[in-house]
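Colleague: Dropping the structure in here first, questions after.
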Amino acid sequence: MTEESPLLYQHSGKMGSAPLLVPVLGVPLLFVTSLIYGYIAVYSPIVGYLTVLILLGYVFVNGFGLALIARFARCRSERFLWLAGLGAGLVALYFSWAEFEHALINRYASGGQHVAQAEILLSPGAMWGVAGEIAAEGWYAVFGATPSGFVLWLMWLVEAGIIVGGVTLFTAAAISREVYCEDCGKWCGTAEECRLKIDPEFLTRPVESVSHAELLALPPQKGRAYPHVKAEVLCCEKCKQTTAMRFSRLTQEVNSDGKKEEKSQDIPGILLQPRE
Ligand SMILES: [Zn+2]
């Protein structure tokens, strides 16, 4: 490799304080959001599209929260974040079921049958049994039907996939576009941002095929017209020595409501500026 050839940034793989902080801060986060999610599911008068939005919100808040915790803990290991994300997704699934059953039993239980939070949380076997009972009869009506049995299990399976998969992916991606200065022990901030002009042919190509040499040769663009490439200079605020560039391709699309929406696509790889 010659001195001029572009260097791609790579995380050091160090875990920072993530093995401690992810569980210590993550589990309470998952517990609280699951509690809210479970109660909304049971008490929400509207079932349908809103349920899907609430599910996505639940996944987003947890994924976003875990990503924040990972960065706060200075985790530079993507492998750890994949595993932590998967673990968090499974914990979220477990908590959401526990809270859902807790809310459901306490709402519909006839006199004196209320159950305690901990009683459900600590008995996975009983949770599974209750799920089977709920599935046998179904518990809510949606679009004029009460799903039960196989259909309800299938819906739960899809929901479980979204929770576990979504939380895992969000957490795993927490640091994928970030640069860490190992000398100072700090994440780099965005120091500068500029727009680069691209031709229409550029848009037809997959972002993976774009080389960094090509990106660096793009002319600057005045004004905010779409499409363009956004180049961000990341810099360690302390030493000003660790400097890197990341790129994304920005286009504008008309969404289903007829409104214009910016669409951003990350161009893989973060270019590290060689040090003097
Ligand atoms: Zn630094």
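Each chain in the structure tokens gets a letter, A, B, ..., in the order shown, and its residues are numbered from 1; ligands are numbered from 1 in order too.
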Pull the closest atom pair for each residue of chain A that gets at most 10 Å from ligand 1, along with the distance in Å to one decimal, counting only C-alpha atoms and all ligand atoms, ordering rows by chain and then ascending residue number, as JSON lines.
Modeller:
```
{"residue": "A:Tyr180", "atom": "CA", "partner": "ligand 1", "partner_atom_place_in_ligand_line": "1 (Zn)", "distance": 8.1}
{"residue": "A:Cys181", "atom": "CA", "partner": "ligand 1", "partner_atom_place_in_ligand_line": "1 (Zn)", "distance": 4.7}
{"residue": "A:Glu182", "atom": "CA", "partner": "ligand 1", "partner_atom_place_in_ligand_line": "1 (Zn)", "distance": 6.9}
{"residue": "A:Asp183", "atom": "CA", "partner": "ligand 1", "partner_atom_place_in_ligand_line": "1 (Zn)", "distance": 5.4}
{"residue": "A:Cys184", "atom": "CA", "partner": "ligand 1", "partner_atom_place_in_ligand_line": "1 (Zn)", "distance": 4.3}
{"residue": "A:Gly185", "atom": "CA", "partner": "ligand 1", "partner_atom_place_in_ligand_line": "1 (Zn)", "distance": 7.0}
{"residue": "A:Lys186", "atom": "CA", "partner": "ligand 1", "partner_atom_place_in_ligand_line": "1 (Zn)", "distance": 6.6}
{"residue": "A:Trp187", "atom": "CA", "partner": "ligand 1", "partner_atom_place_in_ligand_line": "1 (Zn)", "distance": 8.3}
{"residue": "A:Cys188", "atom": "CA", "partner": "ligand 1", "partner_atom_place_in_ligand_line": "1 (Zn)", "distance": 7.7}
{"residue": "A:Cys235", "atom": "CA", "partner": "ligand 1", "partner_atom_place_in_ligand_line": "1 (Zn)", "distance": 7.9}
{"residue": "A:Cys236", "atom": "CA", "partner": "ligand 1", "partner_atom_place_in_ligand_line": "1 (Zn)", "distance": 4.6}
{"residue": "A:Glu237", "atom": "CA", "partner": "ligand 1", "partner_atom_place_in_ligand_line": "1 (Zn)", "distance": 6.6}
{"residue": "A:Lys238", "atom": "CA", "partner": "ligand 1", "partner_atom_place_in_ligand_line": "1 (Zn)", "distance": 5.0}
{"residue": "A:Cys239", "atom": "CA", "partner": "ligand 1", "partner_atom_place_in_ligand_line": "1 (Zn)", "distance": 4.1}
{"residue": "A:Lys240", "atom": "CA", "partner": "ligand 1", "partner_atom_place_in_ligand_line": "1 (Zn)", "distance": 6.0}
{"residue": "A:Gln241", "atom": "CA", "partner": "ligand 1", "partner_atom_place_in_ligand_line": "1 (Zn)", "distance": 6.0}
{"residue": "A:Thr242", "atom": "CA", "partner": "ligand 1", "partner_atom_place_in_ligand_line": "1 (Zn)", "distance": 5.6}
{"residue": "A:Thr243", "atom": "CA", "partner": "ligand 1", "partner_atom_place_in_ligand_line": "1 (Zn)", "distance": 8.8}
```
Colleague: Could you save those same residues with N, CA and C atoms as a JSON list (two decimals), in the first residue's frame?
Modeller:
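What landed in part.json:
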```
[["chain", "number", "residue", "atom", "x", "y", "z"],
["A", 180, "TYR", "N", -13.71, 6.45, 15.93],
["A", 180, "TYR", "CA", -13.25, 6.63, 17.30],
["A", 180, "TYR", "C", -11.77, 6.98, 17.30],
["A", 181, "CYS", "N", -11.40, 7.98, 18.06],
["A", 181, "CYS", "CA", -9.98, 8.32, 18.19],
["A", 181, "CYS", "C", -9.41, 7.52, 19.36],
["A", 182, "GLU", "N", -8.60, 6.52, 19.03],
["A", 182, "GLU", "CA", -8.06, 5.63, 20.06],
["A", 182, "GLU", "C", -7.07, 6.37, 20.97],
["A", 183, "ASP", "N", -6.44, 7.42, 20.44],
["A", 183, "ASP", "CA", -5.46, 8.17, 21.25],
["A", 183, "ASP", "C", -6.15, 8.95, 22.35],
["A", 184, "CYS", "N", -7.27, 9.56, 22.03],
["A", 184, "CYS", "CA", -7.94, 10.44, 22.99],
["A", 184, "CYS", "C", -9.10, 9.76, 23.71],
["A", 185, "GLY", "N", -9.51, 8.61, 23.21],
["A", 185, "GLY", "CA", -10.65, 7.93, 23.82],
["A", 185, "GLY", "C", -11.94, 8.70, 23.60],
["A", 186, "LYS", "N", -12.15, 9.19, 22.37],
["A", 186, "LYS", "CA", -13.35, 9.98, 22.07],
["A", 186, "LYS", "C", -13.90, 9.61, 20.70],
["A", 187, "TRP", "N", -15.22, 9.76, 20.56],
["A", 187, "TRP", "CA", -15.82, 9.62, 19.23],
["A", 187, "TRP", "C", -15.56, 10.92, 18.47],
["A", 188, "CYS", "N", -15.36, 10.80, 17.19],
["A", 188, "CYS", "CA", -15.16, 12.00, 16.37],
["A", 188, "CYS", "C", -16.51, 12.66, 16.08],
["A", 235, "CYS", "N", -13.91, 14.58, 12.77],
["A", 235, "CYS", "CA", -12.63, 14.97, 13.35],
["A", 235, "CYS", "C", -12.67, 14.82, 14.86],
["A", 236, "CYS", "N", -11.55, 14.36, 15.43],
["A", 236, "CYS", "CA", -11.46, 14.28, 16.88],
["A", 236, "CYS", "C", -11.30, 15.70, 17.41],
["A", 237, "GLU", "N", -12.23, 16.10, 18.28],
["A", 237, "GLU", "CA", -12.20, 17.48, 18.75],
["A", 237, "GLU", "C", -11.00, 17.77, 19.65],
["A", 238, "LYS", "N", -10.43, 16.71, 20.23],
["A", 238, "LYS", "CA", -9.34, 16.94, 21.16],
["A", 238, "LYS", "C", -7.99, 17.10, 20.45],
["A", 239, "CYS", "N", -7.60, 16.09, 19.68],
["A", 239, "CYS", "CA", -6.26, 16.15, 19.08],
["A", 239, "CYS", "C", -6.26, 16.75, 17.67],
["A", 240, "LYS", "N", -7.42, 16.79, 17.03],
["A", 240, "LYS", "CA", -7.56, 17.29, 15.66],
["A", 240, "LYS", "C", -6.71, 16.47, 14.69],
["A", 241, "GLN", "N", -6.21, 15.34, 15.13],
["A", 241, "GLN", "CA", -5.33, 14.52, 14.30],
["A", 241, "GLN", "C", -6.10, 13.41, 13.60],
["A", 242, "THR", "N", -7.04, 12.83, 14.31],
["A", 242, "THR", "CA", -7.83, 11.77, 13.71],
["A", 242, "THR", "C", -8.94, 12.41, 12.88],
["A", 243, "THR", "N", -8.81, 12.26, 11.58],
["A", 243, "THR", "CA", -9.76, 12.88, 10.66],
["A", 243, "THR", "C", -10.21, 11.83, 9.65]]
```
Colleague: Run DSSP on the backbone and give me the residues of stretch 48-246 of chain A it puts in alpha helix (DSSP H), as number ranges by chain.
Modeller: A: 49-72, 78-108, 117-121, 124-137, 149-172, 200-204, 212-216
Colleague: Find the spatial neighbours of stretch 245-256 of chain A, counting only C-alpha atoms, within a cut-off of 9 Å - ignore same-chain residues fewer than 3 positions away - and output them as an MDAnalysis selection string.
Modeller: chainID A and resid 177:178 203 207 215 226:235 259:273
Colleague: Which residues of stretch 83-171 of chain A come within 12 Å of stretch 55-58 of chain A, and for each one, what is the closest pair of atoms and their distance in Å to one decimal, counting only C-alpha atoms, sorted by chain and residue number, as a tab-separated table?
Modeller:
```
residue	atom	partner	partner_atom	distance
A:Gly89	CA	A:Tyr58	CA	11.3
A:Ala92	CA	A:Tyr58	CA	9.5
A:Leu93	CA	A:Tyr58	CA	10.9
A:Ser96	CA	A:Tyr58	CA	9.8
A:Trp156	CA	A:Leu55	CA	11.6
A:Val158	CA	A:Leu55	CA	11.1
A:Glu159	CA	A:Leu55	CA	7.8
A:Ala160	CA	A:Leu55	CA	10.1
A:Gly161	CA	A:Leu55	CA	11.3
A:Ile162	CA	A:Leu56	CA	8.1
A:Ile163	CA	A:Leu55	CA	7.8
A:Val164	CA	A:Tyr58	CA	11.4
A:Gly165	CA	A:Leu56	CA	11.5
A:Gly166	CA	A:Leu56	CA	8.5
A:Val167	CA	A:Tyr58	CA	9.3
A:Phe170	CA	A:Leu56	CA	11.9
```
Colleague: Work out how far apart atom CA of A:Phe60 and atom CA of A:Cys75 are and give it in Å to one decimal.
Modeller: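 Separation between atom CA of A:Phe60 and atom CA of A:Cys75: 20.0 Å.
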